[in-house]
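Working notes, beginning with the structure itself.
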Amino acid sequence: MPHILLLEDDTEIRLGLEQHLRREGFSLTSVGTGREALQALGAPGIRLDAALLDLSLPDMDGLDVLRAIRANGPHRGLPVLLVTARSEEIDRVLGLELGADDYISKPFSTRELAARLRAILRRSTPAEAAERPLQLSFGPISVDLDMHTARVDGQVVDLTRREFELLAYFLANPRRVLTREKILQQVWGLEYLGESRTIDAHVRRVRAKLGPVAAEQIETVVGVGYRLGGPADA
């Protein structure tokens with residue numbers, strides 16, 4: 001039974017979500033403030049499979065909780081679904097930039113919410129890698145799929161789980177133009193319900209972490225997607 005950290009400050013909404021998600025087969029650690037969420041994240045021995053975070057909180061910004069999750073710690077790779085009543089695009093984009101896996105805006109159907117949670121949980125399950133090479137490299141960039149580490153010129157680069165999967169997919173397909181739709185299917189999964197801007201946010205973060213020289217290896221193909229390195233016949 002997947003265990004979800006539910007952060008929602010509205011008591012009535014939180015109780016309704018608890019009831020629905022438990023009917024859908026989830027177990028919950030349910031809290032109403034950012035401070036309580038941070039305490040839950042720091043509790044010894046707690047097992048979490050995903051987090052459902054409201055952004056509008058009485059004591060802090062929900063994005064601060066997201067930052068805490070993505071900081072070094074036992075839950076840094078936790079799949080995160082943002083729940084927000086905010087209509088401004090900048091809030092959603094910032095959440096994706098900070099490492100959220102997906103978002104859903106209020107008002108929403110509880111059925112869609114459960115579907116999105118299941119989707120990010122499926123995407124967080126490693127695919128079978130029996131026939132994959134354990135190491136991939138291109139120019140100064142390399143990844144070790146077994147150790148789940150990425151390096152640039154031998155120096156370890158700190159990536160989230162999704163950033164690592166995205167970089168590994170680029171390295172597995174050098175000099176090929178990869179459309180946003182193809183990346184969504186292969187990295188996020190066929191059942192992904194979000195938008196392609198998720199990819200752009202993740203690519204920006206990967207480039208920033210690789211550094212200016214290595215980042216140039218990931219080219220933007222305007223109106224299509226991305227490519228690692230130049231054309232195959234270059």
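For the structure tokens, the naming scheme is as follows: chains receive sequential letters (A, B, ...) according to their order of presentation, residues are indexed from 1 within each chain, and ligands are indexed from 1 in presentation order.
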
Strand (DSSP E or B) per DSSP on the backbone: members of region 49-104 of chain A, as a ChimeraX atom specification: /A:50-54,56,61,80-84,102-104

Close residues, Ile120 (chain A) itself excluded, 8 Å, only C-alpha atoms, min 3 positions apart in chain, as an mmCIF file with all heavy atoms, in the first residue's frame:
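So the final result, stored in part_36.cif, reads:
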data_model
loop_
_atom_site.group_PDB
_atom_site.id
_atom_site.type_symbol
_atom_site.label_atom_id
_atom_site.label_comp_id
_atom_site.auth_asym_id
_atom_site.auth_seq_id
_atom_site.Cartn_x
_atom_site.Cartn_y
_atom_site.Cartn_z
ATOM 1 N N PRO A 79 8.824 11.246 -5.045
ATOM 2 C CA PRO A 79 7.931 11.851 -6.045
ATOM 3 C C PRO A 79 7.012 12.870 -5.373
ATOM 4 O O PRO A 79 6.440 12.584 -4.309
ATOM 5 C CB PRO A 79 7.142 10.656 -6.577
ATOM 6 C CG PRO A 79 7.980 9.462 -6.271
ATOM 7 C CD PRO A 79 8.671 9.774 -4.992
ATOM 8 N N VAL A 80 6.867 14.041 -5.985
ATOM 9 C CA VAL A 80 6.084 15.124 -5.388
ATOM 10 C C VAL A 80 5.042 15.626 -6.385
ATOM 11 O O VAL A 80 5.361 15.966 -7.524
ATOM 12 C CB VAL A 80 6.987 16.293 -4.954
ATOM 13 C CG1 VAL A 80 6.138 17.468 -4.460
ATOM 14 C CG2 VAL A 80 7.959 15.851 -3.864
ATOM 15 N N LEU A 81 3.790 15.676 -5.920
ATOM 16 C CA LEU A 81 2.689 16.259 -6.676
ATOM 17 C C LEU A 81 2.227 17.510 -5.940
ATOM 18 O O LEU A 81 1.861 17.446 -4.765
ATOM 19 C CB LEU A 81 1.533 15.259 -6.793
ATOM 20 C CG LEU A 81 0.245 15.748 -7.452
ATOM 21 C CD1 LEU A 81 0.487 16.125 -8.905
ATOM 22 C CD2 LEU A 81 -0.845 14.670 -7.364
ATOM 23 N N ASP A 101 7.360 16.727 -9.502
ATOM 24 C CA ASP A 101 7.145 15.807 -10.616
ATOM 25 C C ASP A 101 5.905 16.160 -11.427
ATOM 26 O O ASP A 101 5.824 15.858 -12.609
ATOM 27 C CB ASP A 101 7.012 14.376 -10.085
ATOM 28 C CG ASP A 101 8.319 13.874 -9.490
ATOM 29 O OD1 ASP A 101 8.572 14.118 -8.298
ATOM 30 O OD2 ASP A 101 9.100 13.267 -10.236
ATOM 31 N N ASP A 102 4.936 16.794 -10.783
ATOM 32 C CA ASP A 102 3.696 17.147 -11.466
ATOM 33 C C ASP A 102 2.934 18.121 -10.578
ATOM 34 O O ASP A 102 3.318 18.361 -9.425
ATOM 35 C CB ASP A 102 2.861 15.882 -11.721
ATOM 36 C CG ASP A 102 1.771 16.085 -12.772
ATOM 37 O OD1 ASP A 102 1.688 17.191 -13.339
ATOM 38 O OD2 ASP A 102 1.011 15.138 -13.015
ATOM 39 N N ARG A 116 -3.191 10.805 -10.917
ATOM 40 C CA ARG A 116 -1.891 11.463 -11.007
ATOM 41 C C ARG A 116 -0.910 10.894 -9.976
ATOM 42 O O ARG A 116 0.279 10.726 -10.253
ATOM 43 C CB ARG A 116 -2.047 12.972 -10.817
ATOM 44 C CG ARG A 116 -2.634 13.678 -12.032
ATOM 45 C CD ARG A 116 -2.780 15.165 -11.779
ATOM 46 N NE ARG A 116 -3.339 15.839 -12.933
ATOM 47 C CZ ARG A 116 -2.622 16.378 -13.918
ATOM 48 N NH1 ARG A 116 -1.301 16.285 -13.890
ATOM 49 N NH2 ARG A 116 -3.203 16.983 -14.923
ATOM 50 N N LEU A 117 -1.401 10.590 -8.781
ATOM 51 C CA LEU A 117 -0.534 9.973 -7.773
ATOM 52 C C LEU A 117 -0.033 8.610 -8.253
ATOM 53 O O LEU A 117 1.148 8.291 -8.120
ATOM 54 C CB LEU A 117 -1.290 9.815 -6.457
ATOM 55 C CG LEU A 117 -1.305 11.024 -5.525
ATOM 56 C CD1 LEU A 117 -2.225 10.757 -4.329
ATOM 57 C CD2 LEU A 117 0.102 11.381 -5.050
ATOM 58 N N ARG A 123 6.062 5.981 -12.350
ATOM 59 C CA ARG A 123 7.274 6.525 -12.966
ATOM 60 C C ARG A 123 8.468 6.436 -12.039
ATOM 61 O O ARG A 123 9.610 6.460 -12.489
ATOM 62 C CB ARG A 123 7.036 7.989 -13.372
ATOM 63 C CG ARG A 123 5.955 8.163 -14.411
ATOM 64 C CD ARG A 123 6.031 9.524 -15.065
ATOM 65 N NE ARG A 123 5.921 10.604 -14.124
ATOM 66 C CZ ARG A 123 4.778 11.150 -13.722
ATOM 67 N NH1 ARG A 123 3.629 10.673 -14.170
ATOM 68 N NH2 ARG A 123 4.760 12.158 -12.874
ATOM 69 N N SER A 124 8.226 6.345 -10.741
ATOM 70 C CA SER A 124 9.333 6.285 -9.792
ATOM 71 C C SER A 124 9.874 4.881 -9.626
ATOM 72 O O SER A 124 10.901 4.673 -8.990
ATOM 73 C CB SER A 124 8.892 6.812 -8.420
ATOM 74 O OG SER A 124 7.986 5.922 -7.805
ATOM 75 N N TRP A 188 8.939 9.915 -18.389
ATOM 76 C CA TRP A 188 7.822 10.131 -17.460
ATOM 77 C C TRP A 188 6.789 9.009 -17.526
ATOM 78 O O TRP A 188 6.060 8.787 -16.593
ATOM 79 C CB TRP A 188 7.162 11.477 -17.725
ATOM 80 C CG TRP A 188 7.792 12.597 -16.967
ATOM 81 C CD1 TRP A 188 7.335 13.160 -15.804
ATOM 82 C CD2 TRP A 188 8.988 13.302 -17.298
ATOM 83 N NE1 TRP A 188 8.187 14.159 -15.404
ATOM 84 C CE2 TRP A 188 9.212 14.268 -16.300
ATOM 85 C CE3 TRP A 188 9.920 13.197 -18.337
ATOM 86 C CZ2 TRP A 188 10.294 15.134 -16.303
ATOM 87 C CZ3 TRP A 188 11.006 14.055 -18.354
ATOM 88 C CH2 TRP A 188 11.188 15.011 -17.350
ATOM 89 N N TYR A 192 1.595 9.629 -18.404
ATOM 90 C CA TYR A 192 1.815 10.964 -17.853
ATOM 91 C C TYR A 192 0.672 11.898 -18.216
ATOM 92 O O TYR A 192 0.224 11.939 -19.362
ATOM 93 C CB TYR A 192 3.135 11.527 -18.375
ATOM 94 C CG TYR A 192 3.462 12.885 -17.799
ATOM 95 C CD1 TYR A 192 3.727 13.026 -16.440
ATOM 96 C CD2 TYR A 192 3.497 14.019 -18.602
ATOM 97 C CE1 TYR A 192 4.004 14.250 -15.892
ATOM 98 C CE2 TYR A 192 3.783 15.252 -18.066
ATOM 99 C CZ TYR A 192 4.040 15.360 -16.710
ATOM 100 O OH TYR A 192 4.323 16.588 -16.179
#

Atom pair CA of Gly139 (chain A) / CA of Glu216 (chain A): separation (Å):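 The value is 10.7 Å.
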
Give one line per residue of region 2-30 of chain A that approaches region 59-68 of chain A to at most 10 Å, naming the two atoms of the closest pair and their distance in Å to one decimal, counting only C-alpha atoms; sort by chain then ascending residue number and deliver it as a Markdown table.
| residue | atom | partner | partner_atom | distance |
| --- | --- | --- | --- | --- |
| A:Leu7 | CA | A:Gly62 | CA | 8.6 |
| A:Glu8 | CA | A:Gly62 | CA | 9.6 |
| A:Asp9 | CA | A:Asp59 | CA | 9.6 |

Can those selected residues be exported to a file as a short mmCIF file (atom, residue, chain, number, x, y, z; two decimals), in the first residue's frame so that it contains N, CA and C atoms?
data_model
loop_
_atom_site.label_atom_id
_atom_site.label_comp_id
_atom_site.auth_asym_id
_atom_site.auth_seq_id
_atom_site.Cartn_x
_atom_site.Cartn_y
_atom_site.Cartn_z
N LEU A 7 -0.12 17.09 2.64
CA LEU A 7 -0.02 18.41 3.28
C LEU A 7 -1.11 19.31 2.72
N GLU A 8 -2.12 19.60 3.54
CA GLU A 8 -3.26 20.44 3.14
C GLU A 8 -3.72 21.19 4.38
N ASP A 9 -3.73 22.53 4.30
CA ASP A 9 -4.03 23.34 5.49
C ASP A 9 -5.53 23.44 5.78
#

Using only C-alpha atoms: which of A:Met147, A:Gly99, A:Gln185, A:Asp91 has the shortest distance to Thr198 (chain A): A:Gly99

From A:Glu18, A:Asp49, A:Asp158, A:Glu165, residue lying nearest Leu121 (chain A) [only C-alpha atoms]: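 The shortest atom-to-atom distance to Leu121 (chain A) comes from A:Asp49.
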
Just the helix (DSSP H, G or I) stuff from region 15-227 of chain A, please, per backbone DSSP, written as a PDB file with C-alpha atoms, in the first residue's frame.
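The result, stored in selection24.pdb:
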ATOM      1  CA  LEU A  15     -10.405  15.164   5.724  1.00  0.00           C
ATOM      2  CA  GLY A  16     -12.148  14.689   2.376  1.00  0.00           C
ATOM      3  CA  LEU A  17      -8.864  13.828   0.659  1.00  0.00           C
ATOM      4  CA  GLU A  18      -7.943  11.411   3.427  1.00  0.00           C
ATOM      5  CA  GLN A  19     -11.236   9.571   3.023  1.00  0.00           C
ATOM      6  CA  HIS A  20     -10.983   9.385  -0.754  1.00  0.00           C
ATOM      7  CA  LEU A  21      -7.309   8.404  -0.942  1.00  0.00           C
ATOM      8  CA  ARG A  22      -7.744   5.666   1.645  1.00  0.00           C
ATOM      9  CA  ARG A  23     -10.634   4.289  -0.420  1.00  0.00           C
ATOM     10  CA  GLY A  34       4.610  23.138   6.669  1.00  0.00           C
ATOM     11  CA  ARG A  35       6.246  22.665  10.062  1.00  0.00           C
ATOM     12  CA  GLU A  36       4.351  19.416  10.610  1.00  0.00           C
ATOM     13  CA  ALA A  37       5.382  18.255   7.136  1.00  0.00           C
ATOM     14  CA  LEU A  38       9.052  18.932   7.902  1.00  0.00           C
ATOM     15  CA  GLN A  39       8.723  17.039  11.168  1.00  0.00           C
ATOM     16  CA  ALA A  40       7.207  14.079   9.318  1.00  0.00           C
ATOM     17  CA  LEU A  41      10.034  14.134   6.784  1.00  0.00           C
ATOM     18  CA  GLY A  42      12.572  14.106   9.605  1.00  0.00           C
ATOM     19  CA  GLY A  62       4.666  25.000   0.304  1.00  0.00           C
ATOM     20  CA  LEU A  63       7.594  25.457  -2.047  1.00  0.00           C
ATOM     21  CA  ASP A  64       9.835  25.635   1.032  1.00  0.00           C
ATOM     22  CA  VAL A  65       8.687  22.132   1.931  1.00  0.00           C
ATOM     23  CA  LEU A  66       9.515  21.050  -1.623  1.00  0.00           C
ATOM     24  CA  ARG A  67      12.980  22.592  -1.258  1.00  0.00           C
ATOM     25  CA  ALA A  68      13.490  20.657   1.971  1.00  0.00           C
ATOM     26  CA  ILE A  69      12.508  17.407   0.240  1.00  0.00           C
ATOM     27  CA  ARG A  70      14.892  18.007  -2.640  1.00  0.00           C
ATOM     28  CA  GLU A  89       1.804  30.182 -14.356  1.00  0.00           C
ATOM     29  CA  ILE A  90       4.975  31.343 -12.581  1.00  0.00           C
ATOM     30  CA  ASP A  91       3.987  29.381  -9.449  1.00  0.00           C
ATOM     31  CA  ARG A  92       3.588  26.164 -11.384  1.00  0.00           C
ATOM     32  CA  VAL A  93       6.794  26.710 -13.341  1.00  0.00           C
ATOM     33  CA  LEU A  94       8.743  27.496 -10.166  1.00  0.00           C
ATOM     34  CA  GLY A  95       7.469  24.290  -8.590  1.00  0.00           C
ATOM     35  CA  LEU A  96       8.696  22.301 -11.581  1.00  0.00           C
ATOM     36  CA  GLU A  97      12.014  24.149 -11.519  1.00  0.00           C
ATOM     37  CA  THR A 110     -10.458  13.355  -6.589  1.00  0.00           C
ATOM     38  CA  ARG A 111     -10.412  10.687  -9.287  1.00  0.00           C
ATOM     39  CA  GLU A 112      -7.893  12.675 -11.322  1.00  0.00           C
ATOM     40  CA  LEU A 113      -5.837  13.301  -8.188  1.00  0.00           C
ATOM     41  CA  ALA A 114      -5.600   9.573  -7.462  1.00  0.00           C
ATOM     42  CA  ALA A 115      -4.697   8.905 -11.105  1.00  0.00           C
ATOM     43  CA  ARG A 116      -1.891  11.463 -11.007  1.00  0.00           C
ATOM     44  CA  LEU A 117      -0.534   9.973  -7.773  1.00  0.00           C
ATOM     45  CA  ARG A 118      -0.502   6.505  -9.300  1.00  0.00           C
ATOM     46  CA  ALA A 119       1.213   7.901 -12.389  1.00  0.00           C
ATOM     47  CA  ILE A 120       4.107   9.464 -10.487  1.00  0.00           C
ATOM     48  CA  LEU A 121       4.423   6.316  -8.378  1.00  0.00           C
ATOM     49  CA  ARG A 122       4.688   4.168 -11.516  1.00  0.00           C
ATOM     50  CA  ARG A 123       7.274   6.525 -12.966  1.00  0.00           C
ATOM     51  CA  ARG A 161      15.967  10.941  -9.589  1.00  0.00           C
ATOM     52  CA  ARG A 162      14.039  12.461 -12.498  1.00  0.00           C
ATOM     53  CA  GLU A 163      16.974  14.623 -13.593  1.00  0.00           C
ATOM     54  CA  PHE A 164      19.187  11.525 -13.607  1.00  0.00           C
ATOM     55  CA  GLU A 165      16.680   9.563 -15.686  1.00  0.00           C
ATOM     56  CA  LEU A 166      16.406  12.420 -18.174  1.00  0.00           C
ATOM     57  CA  LEU A 167      20.184  12.720 -18.551  1.00  0.00           C
ATOM     58  CA  ALA A 168      20.540   8.943 -18.906  1.00  0.00           C
ATOM     59  CA  TYR A 169      17.932   8.965 -21.678  1.00  0.00           C
ATOM     60  CA  PHE A 170      19.870  11.641 -23.554  1.00  0.00           C
ATOM     61  CA  LEU A 171      23.095   9.658 -23.156  1.00  0.00           C
ATOM     62  CA  ALA A 172      21.397   6.499 -24.409  1.00  0.00           C
ATOM     63  CA  ARG A 180       9.093  16.327 -26.078  1.00  0.00           C
ATOM     64  CA  GLU A 181       6.381  13.715 -26.594  1.00  0.00           C
ATOM     65  CA  LYS A 182       8.980  10.952 -26.899  1.00  0.00           C
ATOM     66  CA  ILE A 183      10.801  12.146 -23.782  1.00  0.00           C
ATOM     67  CA  LEU A 184       7.518  12.235 -21.852  1.00  0.00           C
ATOM     68  CA  GLN A 185       6.752   8.670 -22.902  1.00  0.00           C
ATOM     69  CA  GLN A 186      10.198   7.245 -22.165  1.00  0.00           C
ATOM     70  CA  VAL A 187      11.158   9.160 -19.012  1.00  0.00           C
ATOM     71  CA  TRP A 188       7.822  10.131 -17.460  1.00  0.00           C
ATOM     72  CA  ARG A 197       6.778  22.346 -19.949  1.00  0.00           C
ATOM     73  CA  THR A 198       7.776  19.841 -17.241  1.00  0.00           C
ATOM     74  CA  ILE A 199      10.537  18.674 -19.597  1.00  0.00           C
ATOM     75  CA  ASP A 200      11.796  22.204 -20.246  1.00  0.00           C
ATOM     76  CA  ALA A 201      12.047  22.879 -16.512  1.00  0.00           C
ATOM     77  CA  HIS A 202      13.974  19.662 -15.908  1.00  0.00           C
ATOM     78  CA  VAL A 203      16.319  20.294 -18.836  1.00  0.00           C
ATOM     79  CA  ARG A 204      17.112  23.766 -17.476  1.00  0.00           C
ATOM     80  CA  ARG A 205      17.993  22.286 -14.100  1.00  0.00           C
ATOM     81  CA  VAL A 206      20.139  19.541 -15.631  1.00  0.00           C
ATOM     82  CA  ARG A 207      22.028  22.070 -17.742  1.00  0.00           C
ATOM     83  CA  ALA A 208      22.642  24.292 -14.719  1.00  0.00           C
ATOM     84  CA  LYS A 209      24.029  21.372 -12.732  1.00  0.00           C
ATOM     85  CA  LEU A 210      26.245  20.090 -15.555  1.00  0.00           C
ATOM     86  CA  PRO A 212      28.341  25.764 -18.833  1.00  0.00           C
ATOM     87  CA  VAL A 213      30.643  23.602 -20.972  1.00  0.00           C
ATOM     88  CA  ALA A 214      28.886  20.254 -20.553  1.00  0.00           C
ATOM     89  CA  ALA A 215      25.468  21.929 -20.720  1.00  0.00           C
TER      90      ALA A 215
END

Atom-to-atom span, CA of Glu24 (chain A) and CA of Ala51 (chain A), Å: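 So the answer is 15.6 Å.
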